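**Q** File name start_29.cif; file contents mmCIF, C-alpha atoms; full text below.
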```
data_model
#
loop_
_atom_site.label_atom_id
_atom_site.label_comp_id
_atom_site.auth_asym_id
_atom_site.auth_seq_id
_atom_site.Cartn_x
_atom_site.Cartn_y
_atom_site.Cartn_z
CA MET T 970 -24.23 -2.43 -15.73
CA LYS T 971 -23.24 -5.60 -13.86
CA ILE T 972 -21.63 -5.57 -10.44
CA ALA T 973 -20.40 -8.82 -8.90
CA PHE T 974 -17.69 -10.72 -7.05
CA SER T 975 -15.30 -13.09 -8.79
CA SER T 976 -15.27 -16.62 -7.43
CA SER T 977 -11.51 -17.09 -7.83
CA ILE T 978 -8.29 -15.13 -8.03
CA THR T 979 -7.68 -16.50 -11.54
CA ASP T 980 -11.03 -15.24 -12.80
CA TYR T 981 -10.52 -11.88 -11.12
CA MET T 982 -7.04 -11.37 -12.57
CA GLU T 983 -8.33 -12.16 -16.04
CA LYS T 984 -11.05 -9.57 -15.58
CA VAL T 985 -9.30 -6.62 -13.90
CA GLU T 986 -5.52 -6.87 -14.36
CA ALA T 987 -5.38 -5.00 -17.68
CA LEU T 988 -7.58 -2.26 -16.23
CA LEU T 989 -5.42 -1.84 -13.11
CA LEU T 990 -2.17 -1.89 -15.09
CA ARG T 991 -3.18 1.30 -16.92
CA LYS T 992 -2.17 3.09 -13.71
CA GLU T 993 0.10 0.42 -12.30
CA ALA T 994 1.93 2.43 -9.64
CA SER T 995 -1.26 4.08 -8.39
CA ASN T 996 -2.88 0.65 -8.09
CA ASN T 997 0.15 -0.96 -6.45
CA LEU T 998 -1.87 -1.94 -3.36
CA MET T 999 -4.52 -3.91 -5.24
CA LEU T 1000 -2.08 -5.37 -7.75
CA GLY T 1001 0.37 -6.31 -5.01
CA LEU T 1002 -2.33 -8.04 -2.99
CA LEU T 1003 -3.54 -9.91 -6.06
CA ASP T 1004 0.01 -11.04 -6.78
CA HIS T 1005 0.20 -12.32 -3.19
CA PHE T 1006 -3.10 -14.18 -3.45
CA LYS T 1007 -1.96 -16.10 -6.50
CA THR T 1008 -0.18 -18.43 -4.10
CA THR T 1009 -1.87 -17.78 -0.73
CA ILE T 1010 -5.56 -17.41 -1.52
CA THR T 1011 -8.09 -17.10 1.26
CA LYS T 1012 -11.80 -17.70 0.85
CA ASP T 1013 -12.63 -14.55 2.83
CA VAL T 1014 -11.26 -12.05 0.28
CA HIS T 1015 -13.87 -10.12 -1.73
CA PHE T 1016 -12.91 -9.53 -5.40
CA GLY T 1017 -15.39 -7.00 -6.82
CA TYR T 1018 -15.77 -5.61 -10.33
CA LEU T 1019 -18.18 -3.65 -12.54
CA GLU T 1020 -18.89 -4.60 -16.12
CA ASP T 1021 -20.65 -2.41 -18.68
CA ASN T 1022 -21.55 -3.72 -22.13
CA GLY T 1023 -19.02 -6.51 -21.77
CA GLU T 1024 -16.17 -4.22 -20.64
CA ILE T 1025 -14.68 -4.21 -17.16
CA ILE T 1026 -14.78 -0.57 -16.03
CA PHE T 1027 -14.01 -0.68 -12.30
CA ALA T 1028 -12.56 -2.87 -9.55
CA PHE T 1029 -12.77 -2.95 -5.76
CA MET T 1030 -11.73 -5.46 -3.13
CA GLN T 1031 -11.36 -6.21 0.58
CA THR T 1032 -9.20 -8.47 2.71
CA PRO T 1033 -11.34 -8.67 5.89
CA PRO T 1034 -11.21 -7.12 8.42
CA ASN T 1035 -9.35 -4.39 6.55
CA ASN T 1036 -10.77 -1.42 4.66
CA TRP T 1037 -12.27 -1.72 1.20
CA ILE T 1038 -9.98 -0.61 -1.63
CA LEU T 1039 -11.26 1.34 -4.63
CA ALA T 1040 -9.17 1.19 -7.81
CA ASP T 1041 -7.67 4.24 -9.48
CA VAL T 1042 -9.35 4.19 -12.89
CA ASP T 1043 -9.86 7.15 -15.21
CA GLY T 1044 -13.24 8.19 -16.54
CA ILE T 1045 -15.48 6.79 -13.78
CA ASP T 1046 -18.53 8.84 -12.79
CA GLU T 1047 -20.07 9.07 -9.34
CA GLN T 1048 -22.87 6.64 -10.24
CA VAL T 1049 -20.36 3.80 -10.51
CA ILE T 1050 -19.07 4.48 -7.00
CA THR T 1051 -22.52 4.82 -5.44
CA SER T 1052 -23.43 1.53 -7.11
CA VAL T 1053 -20.54 -0.14 -5.27
CA ALA T 1054 -21.75 1.27 -1.95
CA ASN T 1055 -25.31 0.05 -2.57
CA PHE T 1056 -24.05 -3.36 -3.66
CA LEU T 1057 -22.10 -3.81 -0.42
CA TYR T 1058 -25.07 -2.55 1.60
CA LYS T 1059 -27.47 -5.03 -0.02
CA LYS T 1060 -24.95 -7.83 0.57
CA ALA T 1061 -24.86 -6.78 4.27
CA LEU T 1062 -21.06 -6.79 4.19
CA LYS T 1063 -18.95 -5.08 6.83
CA VAL T 1064 -17.34 -1.82 5.76
CA PRO T 1065 -14.95 -0.62 8.49
CA GLY T 1066 -13.51 1.95 6.11
CA VAL T 1067 -12.57 2.68 2.53
CA LEU T 1068 -9.46 3.93 0.73
CA GLY T 1069 -8.59 5.00 -2.77
CA PRO T 1070 -8.67 8.09 -5.03
CA ILE T 1071 -10.09 11.06 -3.14
CA SER T 1072 -13.10 11.81 -5.36
CA TYR T 1073 -14.13 8.14 -5.50
CA VAL T 1074 -13.76 7.61 -1.77
CA GLU T 1075 -15.71 10.76 -0.94
CA ALA T 1076 -18.56 9.68 -3.25
CA PHE T 1077 -18.60 6.27 -1.54
CA VAL T 1078 -18.51 7.81 1.94
CA ASN T 1079 -21.41 10.17 1.18
CA GLU T 1080 -23.54 7.28 -0.08
CA TRP T 1081 -22.57 4.95 2.77
CA LYS T 1082 -23.46 7.57 5.37
CA LYS T 1083 -26.93 7.84 3.84
CA LEU T 1084 -27.39 4.08 3.73
CA LYS T 1085 -26.06 3.24 7.18
CA LYS T 1086 -26.77 6.49 9.07
CA THR T 1087 -23.18 6.38 10.30
CA ASN T 1088 -20.35 8.85 10.80
CA ALA T 1089 -17.08 8.91 8.87
CA SER T 1090 -13.71 10.47 9.59
CA ILE T 1091 -10.50 10.85 7.63
CA HIS T 1092 -7.76 8.59 8.97
CA MET T 1093 -5.04 9.71 6.57
CA ASN T 1094 -4.43 11.64 3.37
CA GLN T 1095 -1.79 9.92 1.27
CA LEU T 1096 0.34 10.49 -1.80
CA ILE T 1097 1.46 7.69 -4.12
CA TYR T 1098 4.93 8.00 -5.58
CA GLN T 1099 6.76 6.33 -8.45
CA LEU T 1100 10.49 6.20 -9.11
CA ASP T 1101 11.95 5.32 -12.51
CA GLU T 1102 15.53 6.42 -11.84
CA VAL T 1103 17.45 7.06 -8.62
CA LYS T 1104 18.75 10.62 -8.83
CA ILE T 1105 21.20 10.50 -5.92
CA LYS T 1106 23.77 8.13 -4.53
CA PRO T 1107 23.57 7.16 -0.84
CA GLU T 1108 25.10 10.15 0.94
CA ALA T 1109 25.38 8.86 4.48
CA GLU T 1110 28.21 6.62 5.53
CA GLY T 1111 27.22 2.99 5.87
CA GLU T 1112 25.87 0.11 3.84
CA LEU T 1113 22.57 -1.62 3.07
CA VAL T 1114 22.48 -5.05 4.71
CA LYS T 1115 19.78 -7.71 4.56
CA GLY T 1116 18.00 -8.31 7.88
CA LEU T 1117 18.72 -11.71 9.41
CA LYS T 1118 17.20 -13.90 12.13
CA LYS T 1119 19.55 -12.39 14.70
CA ASP T 1120 17.98 -9.00 13.93
CA HIS T 1121 14.42 -10.17 14.70
CA SER T 1122 14.11 -8.43 18.08
CA LEU T 1123 15.43 -5.15 16.69
CA ILE T 1124 13.18 -5.24 13.61
CA LYS T 1125 10.16 -6.14 15.73
CA GLY T 1126 10.77 -3.17 18.02
CA TRP T 1127 11.34 -0.81 15.11
CA LEU T 1128 8.12 -1.98 13.41
CA ILE T 1129 6.15 -1.12 16.56
CA GLN T 1130 7.74 2.34 16.62
CA PHE T 1131 7.16 2.72 12.87
CA GLY T 1132 3.47 1.95 13.40
CA LYS T 1133 3.21 4.70 16.00
CA GLU T 1134 4.82 7.23 13.68
CA ALA T 1135 2.59 6.16 10.79
CA ARG T 1136 -0.56 6.23 12.94
CA GLU T 1137 -1.11 2.54 12.22
CA ALA T 1138 -0.81 0.73 15.54
CA ILE T 1139 1.12 -2.55 15.31
CA SER T 1140 0.82 -4.93 18.26
CA GLU T 1141 3.78 -6.86 19.62
CA ILE T 1142 2.38 -10.12 18.21
CA LYS T 1143 1.74 -8.56 14.81
CA ALA T 1144 5.17 -6.91 14.75
CA SER T 1145 6.82 -10.22 15.60
CA GLN T 1146 4.93 -11.97 12.80
CA MET T 1147 5.84 -9.20 10.33
CA ALA T 1148 9.51 -9.32 11.32
CA THR T 1149 9.60 -13.10 10.86
CA LYS T 1150 7.90 -12.84 7.47
CA TYR T 1151 10.17 -10.05 6.23
CA ILE T 1152 13.31 -11.89 7.32
CA GLU T 1153 12.20 -15.23 5.84
CA ASN T 1154 11.25 -13.53 2.56
CA SER T 1155 14.55 -11.62 2.46
CA THR T 1156 12.79 -8.28 1.95
CA ILE T 1157 13.87 -6.31 5.05
CA TYR T 1158 17.07 -4.28 4.96
CA LEU T 1159 19.04 -2.36 7.56
CA TRP T 1160 21.30 0.60 6.96
CA LYS T 1161 24.37 -0.05 9.10
CA VAL T 1162 27.13 2.35 10.09
CA ASN T 1163 30.25 0.67 11.43
CA GLY T 1164 28.19 -2.50 11.84
CA LYS T 1165 25.47 -0.73 13.88
CA PRO T 1166 21.86 -0.67 12.51
CA VAL T 1167 20.61 2.92 12.26
CA SER T 1168 17.68 2.72 9.80
CA MET T 1169 15.31 0.22 8.19
CA VAL T 1170 13.49 -0.24 4.87
CA ASN T 1171 11.43 -3.08 3.43
CA GLN T 1172 10.54 -4.25 -0.07
CA SER T 1173 6.83 -4.89 0.09
CA ARG T 1174 4.39 -5.79 -2.68
CA LYS T 1175 5.23 -6.66 -6.28
CA THR T 1176 3.31 -5.72 -9.40
CA LYS T 1177 3.90 -6.83 -12.97
CA HIS T 1178 6.62 -4.24 -13.57
CA GLY T 1179 7.29 -2.69 -10.18
CA ALA T 1180 8.07 -3.16 -6.51
CA THR T 1181 6.76 -1.24 -3.52
CA ILE T 1182 8.82 0.04 -0.61
CA ASN T 1183 7.46 0.46 2.92
CA ALA T 1184 8.37 0.35 6.64
CA VAL T 1185 10.94 3.12 6.28
CA PHE T 1186 12.04 3.92 9.82
CA THR T 1187 14.89 5.59 11.68
CA PRO T 1188 14.96 5.76 15.50
CA ASN T 1189 14.99 9.27 16.98
CA GLU T 1190 18.62 9.04 18.09
CA PHE T 1191 19.74 8.46 14.50
CA LYS T 1192 17.44 10.91 12.70
CA ARG T 1193 18.70 13.87 10.64
CA ASN T 1194 21.81 12.06 9.46
CA GLY T 1195 20.50 11.08 6.01
CA TYR T 1196 20.29 7.39 6.92
CA ALA T 1197 16.71 6.87 5.69
CA THR T 1198 17.49 8.73 2.46
CA SER T 1199 20.51 6.52 1.84
CA ALA T 1200 18.65 3.32 2.75
CA VAL T 1201 15.71 4.06 0.43
CA ALA T 1202 17.99 5.20 -2.40
CA ALA T 1203 20.12 2.06 -2.08
CA LEU T 1204 17.18 -0.34 -1.99
CA SER T 1205 15.43 1.47 -4.85
CA GLN T 1206 18.56 1.18 -6.99
CA LYS T 1207 18.93 -2.49 -6.04
CA LEU T 1208 15.36 -3.21 -7.16
CA LEU T 1209 15.86 -1.40 -10.47
CA ASP T 1210 19.11 -3.31 -11.00
CA GLU T 1211 17.20 -6.56 -10.42
CA GLY T 1212 14.90 -5.77 -13.33
CA TYR T 1213 11.96 -3.85 -11.90
CA GLN T 1214 10.97 -0.97 -14.17
CA PHE T 1215 9.92 1.26 -11.27
CA CYS T 1216 9.49 1.46 -7.51
CA SER T 1217 6.46 2.88 -5.72
CA LEU T 1218 5.44 3.85 -2.21
CA TYR T 1219 2.75 5.54 -0.14
CA THR T 1220 3.40 8.57 2.07
CA ASP T 1221 1.41 10.60 4.56
CA ARG T 1222 0.60 13.75 2.58
CA ASP T 1223 1.11 15.86 5.73
CA ASN T 1224 4.59 14.51 6.52
CA THR T 1225 6.72 17.08 4.71
CA THR T 1226 9.99 15.50 5.86
CA SER T 1227 9.35 12.10 4.29
CA ASN T 1228 7.87 13.65 1.14
CA ASN T 1229 10.95 15.82 0.67
CA ILE T 1230 13.21 12.79 1.17
CA TYR T 1231 11.47 10.73 -1.49
CA GLN T 1232 11.36 13.58 -3.99
CA LYS T 1233 15.10 14.14 -3.47
CA ILE T 1234 15.75 10.48 -4.32
CA GLY T 1235 13.74 10.71 -7.53
CA TYR T 1236 10.21 9.71 -6.55
CA HIS T 1237 7.42 11.70 -8.20
CA VAL T 1238 3.72 11.85 -7.34
CA VAL T 1239 1.50 9.71 -9.60
CA GLY T 1240 -1.64 9.59 -7.48
CA SER T 1241 -3.33 10.47 -4.22
CA SER T 1242 -5.37 8.42 -1.81
CA VAL T 1243 -7.49 9.06 1.25
CA VAL T 1244 -8.44 6.64 4.01
CA TYR T 1245 -11.82 7.05 5.69
CA GLU T 1246 -13.03 5.06 8.68
CA PHE T 1247 -16.65 4.60 9.76
CA SER T 1248 -17.76 4.75 13.37
#
```
Can you dump the structure from the file as structure tokens?
**A**
Amino acid sequence: MKIAFSSSITDYMEKVEALLLRKEASNNLMLGLLDHFKTTITKDVHFGYLEDNGEIIFAFMQTPPNNWILADVDGIDEQVITSVANFLYKKALKVPGVLGPISYVEAFVNEWKKLKKTNASIHMNQLIYQLDEVKIKPEAEGELVKGLKKDHSLIKGWLIQFGKEAREAISEIKASQMATKYIENSTIYLWKVNGKPVSMVNQSRKTKHGATINAVFTPNEFKRNGYATSAVAALSQKLLDEGYQFCSLYTDRDNTTSNNIYQKIGYHVVGSSVVYEFS
């Protein structure tokens, strides 16, 4: 069994894309990042893979300083995962945390704790959803409107609040950069009622056949009016109408409200993920 890093995004895509596409929605994070790096490659990204008898059987990657990502691939035994942990240990690479399918991540965490004599804690349990058809029409009054430059301050503030709700702190500088990027890329949308923004949703990563939705946020004063449901349903339908075969998204497994919203729209669970962080 060979374990190594690819030297280029082109080489890595040739090696792992077919493998990841077998569970495309579940691997939307890796595939979306790889799509991004086709045009904005950075030398610091680690593109890892395992090869057995000439066949690529597993993939893992990191965009420093973020957590390592383990692919969702069927039929992988624990030895493959422990091999990844030992490979990173021998390379003396930083591992702030790891995310991916629960059984794979837990096998990695157990091995890493032995190797590094460190502690690990769960940051978040997640579900991965896929939507092939929108089952409802936007119920709340209002319309989906693309975010513009004049909305930058609002979007920035809402991203900071979204980060707090999602337990992923977003600094003012980072939120400003994200707002600028989303607006320039025409991916951020606001649900407006009588011209007033009441909710937000963003089209994030792209995969070969799908698009991912994130940054779904409604301020407290506008909650429980169905605005987020309508915004997500409208954007999901828009993406399907544009030619995407499906939409996908991550949720906090413990957030019953958001999970119920997505299921109502037509999203169904296709995978699970856990995020561990090392101290």
**Q** To one decimal place in Å, what is the distance between atom CA of T:Leu1057 and atom CA of T:Gly1240?
**A**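 We find that atom CA of T:Leu1057 and atom CA of T:Gly1240 lie 25.5 Å from each other.
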**Q** Taking all atoms listed in the file into account, which of T:Lys1150, T:His1092, T:Lys1192, T:Lys1119 comes nearest T:Tyr1245?
**A** T:His1092
**Q** Between T:Phe1056, T:Phe1016, T:Tyr1098, T:Phe1027, which has the minimum distance to T:Tyr1073 (counting all atoms listed in the file)?
**A**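 Using all atoms listed in the file, T:Tyr1073 sits closest to T:Phe1027.
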**Q** T:Ser1072: which residues within 12 Å, counting all atoms listed in the file, same-chain residues fewer than 5 positions away excluded, as a PyMOL selection string?
**A** chain T and resi 1039-1047+1049-1051+1077-1079+1240-1244
**Q** List the residues selected by the PyMOL selection byres ((chain T and resi 1033) around 12) in the file shown, writing them as a list in words.
**A**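 That expression, the PyMOL selection byres ((chain T and resi 1033) around 12), corresponds here to Thr1011, Lys1012, Asp1013, Val1014, His1015, Phe1016, Met1030, Gln1031, Thr1032, Pro1034, Asn1035, Asn1036, Trp1037, Ile1038, Leu1062, Lys1063, Val1064, Pro1065, Gly1066 and Val1067 of chain T.
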**Q** If we count all atoms listed in the file, what is near stretch 1130-1138 of chain T at a cut-off of 9 Å, once residues fewer than 6 positions away on the same chain are taken out, given as a PyMOL selection string?
**A** chain T and resi 1092-1093+1184-1188+1221
**Q** Got a sec to resolve the PyMOL selection byres ((chain T and resi 1198-1212) around 7) on this structure and send the residues as a VMD selection string?
**A** chain T and resid 1103 1106 to 1109 1113 1160 1170 1195 to 1197 1213 to 1216 1230 1234
**Q** Which residue gives the smallest distance to T:Thr979 among T:Thr1008, T:Gln1232, T:Asn996, T:Asn1183, with all atoms listed in the file counted?
**A**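 Result for the nearest residue to T:Thr979: T:Thr1008.
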**Q** Between T:Ala973, T:Leu1159, T:Ala1076, T:Met999, which has the minimum distance to T:Lys1060 (counting only C-alpha atoms)?
**A**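 Checking each candidate against T:Lys1060, we get T:Ala973 as the closest.
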**Q** Could you check how far atom CA of T:Asn1022 sits from atom CA of T:Leu988, in Å to one decimal?
**A**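 For atom CA of T:Asn1022 relative to atom CA of T:Leu988, the distance reads 15.2 Å.
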**Q** Measure the distance from atom CA of T:Glu1153 to atom CA of T:Leu1002 in Å and round it to one decimal.
**A**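 Atom CA of T:Glu1153 sits 18.5 Å away from atom CA of T:Leu1002.
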**Q** Using only C-alpha atoms, which residue out of T:His1121, T:Lys1143, T:Lys1104, T:Arg991 lies closest to T:His1237?
**A** T:Lys1104
**Q** Fewer than 3 positions away in the same chain doesn't count, so skip those; otherwise give me all residues within 6 Å of T:Ile1182, counting only C-alpha atoms, as a list in words.
**A**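 Final neighbour list, sorted by chain and number: Asn1171, Gln1172, Ser1173 and Leu1218 of chain T.
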**Q** Write out as number ranges by chain which residues come within 8 Å of T:Lys1118 when counting only C-alpha atoms, dropping same-chain ones fewer than 2 positions away.
**A** T: 1116, 1120-1121, 1149, 1152
**Q** Please return stretch 1057-1084 of chain T, rebuilt to N, CA and C atoms, as a short mmCIF file (atom, residue, chain, number, x, y, z; two decimals), in the frame of the given file.
**A**
```cif
data_model
loop_
_atom_site.label_atom_id
_atom_site.label_comp_id
_atom_site.auth_asym_id
_atom_site.auth_seq_id
_atom_site.Cartn_x
_atom_site.Cartn_y
_atom_site.Cartn_z
N LEU T 1057 -22.61 -3.31 -1.69
CA LEU T 1057 -22.10 -3.81 -0.42
C LEU T 1057 -23.18 -3.74 0.67
N TYR T 1058 -23.99 -2.71 0.61
CA TYR T 1058 -25.07 -2.55 1.60
C TYR T 1058 -26.09 -3.68 1.46
N LYS T 1059 -26.49 -3.97 0.23
CA LYS T 1059 -27.47 -5.03 -0.02
C LYS T 1059 -26.91 -6.41 0.33
N LYS T 1060 -25.59 -6.57 0.20
CA LYS T 1060 -24.95 -7.83 0.57
C LYS T 1060 -24.73 -7.94 2.07
N ALA T 1061 -25.02 -6.84 2.80
CA ALA T 1061 -24.86 -6.78 4.27
C ALA T 1061 -23.42 -7.09 4.68
N LEU T 1062 -22.48 -6.57 3.90
CA LEU T 1062 -21.06 -6.79 4.19
C LEU T 1062 -20.52 -5.69 5.11
N LYS T 1063 -19.54 -6.04 5.91
CA LYS T 1063 -18.95 -5.08 6.83
C LYS T 1063 -18.03 -4.13 6.06
N VAL T 1064 -18.17 -2.86 6.39
CA VAL T 1064 -17.34 -1.82 5.76
C VAL T 1064 -16.73 -0.97 6.88
N PRO T 1065 -15.58 -1.40 7.42
CA PRO T 1065 -14.95 -0.62 8.49
C PRO T 1065 -14.40 0.70 7.99
N GLY T 1066 -14.06 0.74 6.70
CA GLY T 1066 -13.51 1.95 6.11
C GLY T 1066 -13.28 1.74 4.64
N VAL T 1067 -12.79 2.77 3.98
CA VAL T 1067 -12.57 2.68 2.53
C VAL T 1067 -11.38 3.56 2.18
N LEU T 1068 -10.60 3.13 1.18
CA LEU T 1068 -9.46 3.93 0.73
C LEU T 1068 -9.35 3.88 -0.78
N GLY T 1069 -8.76 4.92 -1.34
CA GLY T 1069 -8.59 5.00 -2.77
C GLY T 1069 -8.54 6.45 -3.21
N PRO T 1070 -8.69 6.71 -4.52
CA PRO T 1070 -8.67 8.09 -5.03
C PRO T 1070 -9.68 8.97 -4.30
N ILE T 1071 -9.29 10.20 -4.01
CA ILE T 1071 -10.09 11.06 -3.14
C ILE T 1071 -11.52 11.22 -3.61
N SER T 1072 -11.74 11.56 -4.89
CA SER T 1072 -13.10 11.81 -5.36
C SER T 1072 -13.96 10.55 -5.28
N TYR T 1073 -13.37 9.39 -5.56
CA TYR T 1073 -14.13 8.14 -5.50
C TYR T 1073 -14.49 7.80 -4.06
N VAL T 1074 -13.52 7.94 -3.18
CA VAL T 1074 -13.76 7.61 -1.77
C VAL T 1074 -14.81 8.54 -1.18
N GLU T 1075 -14.74 9.82 -1.49
CA GLU T 1075 -15.71 10.76 -0.94
C GLU T 1075 -17.11 10.47 -1.45
N ALA T 1076 -17.24 10.05 -2.71
CA ALA T 1076 -18.56 9.68 -3.25
C ALA T 1076 -19.09 8.44 -2.52
N PHE T 1077 -18.20 7.49 -2.27
CA PHE T 1077 -18.60 6.27 -1.54
C PHE T 1077 -19.02 6.63 -0.12
N VAL T 1078 -18.23 7.45 0.55
CA VAL T 1078 -18.51 7.81 1.94
C VAL T 1078 -19.86 8.51 2.05
N ASN T 1079 -20.13 9.45 1.15
CA ASN T 1079 -21.41 10.17 1.18
C ASN T 1079 -22.59 9.22 1.03
N GLU T 1080 -22.46 8.25 0.14
CA GLU T 1080 -23.54 7.28 -0.08
C GLU T 1080 -23.67 6.34 1.11
N TRP T 1081 -22.54 5.89 1.65
CA TRP T 1081 -22.57 4.95 2.77
C TRP T 1081 -23.18 5.59 4.02
N LYS T 1082 -22.89 6.85 4.23
CA LYS T 1082 -23.46 7.57 5.37
C LYS T 1082 -24.98 7.65 5.26
N LYS T 1083 -25.47 7.81 4.05
CA LYS T 1083 -26.93 7.84 3.84
C LYS T 1083 -27.54 6.46 4.10
N LEU T 1084 -26.86 5.43 3.62
CA LEU T 1084 -27.39 4.08 3.73
C LEU T 1084 -27.36 3.57 5.16
#
```
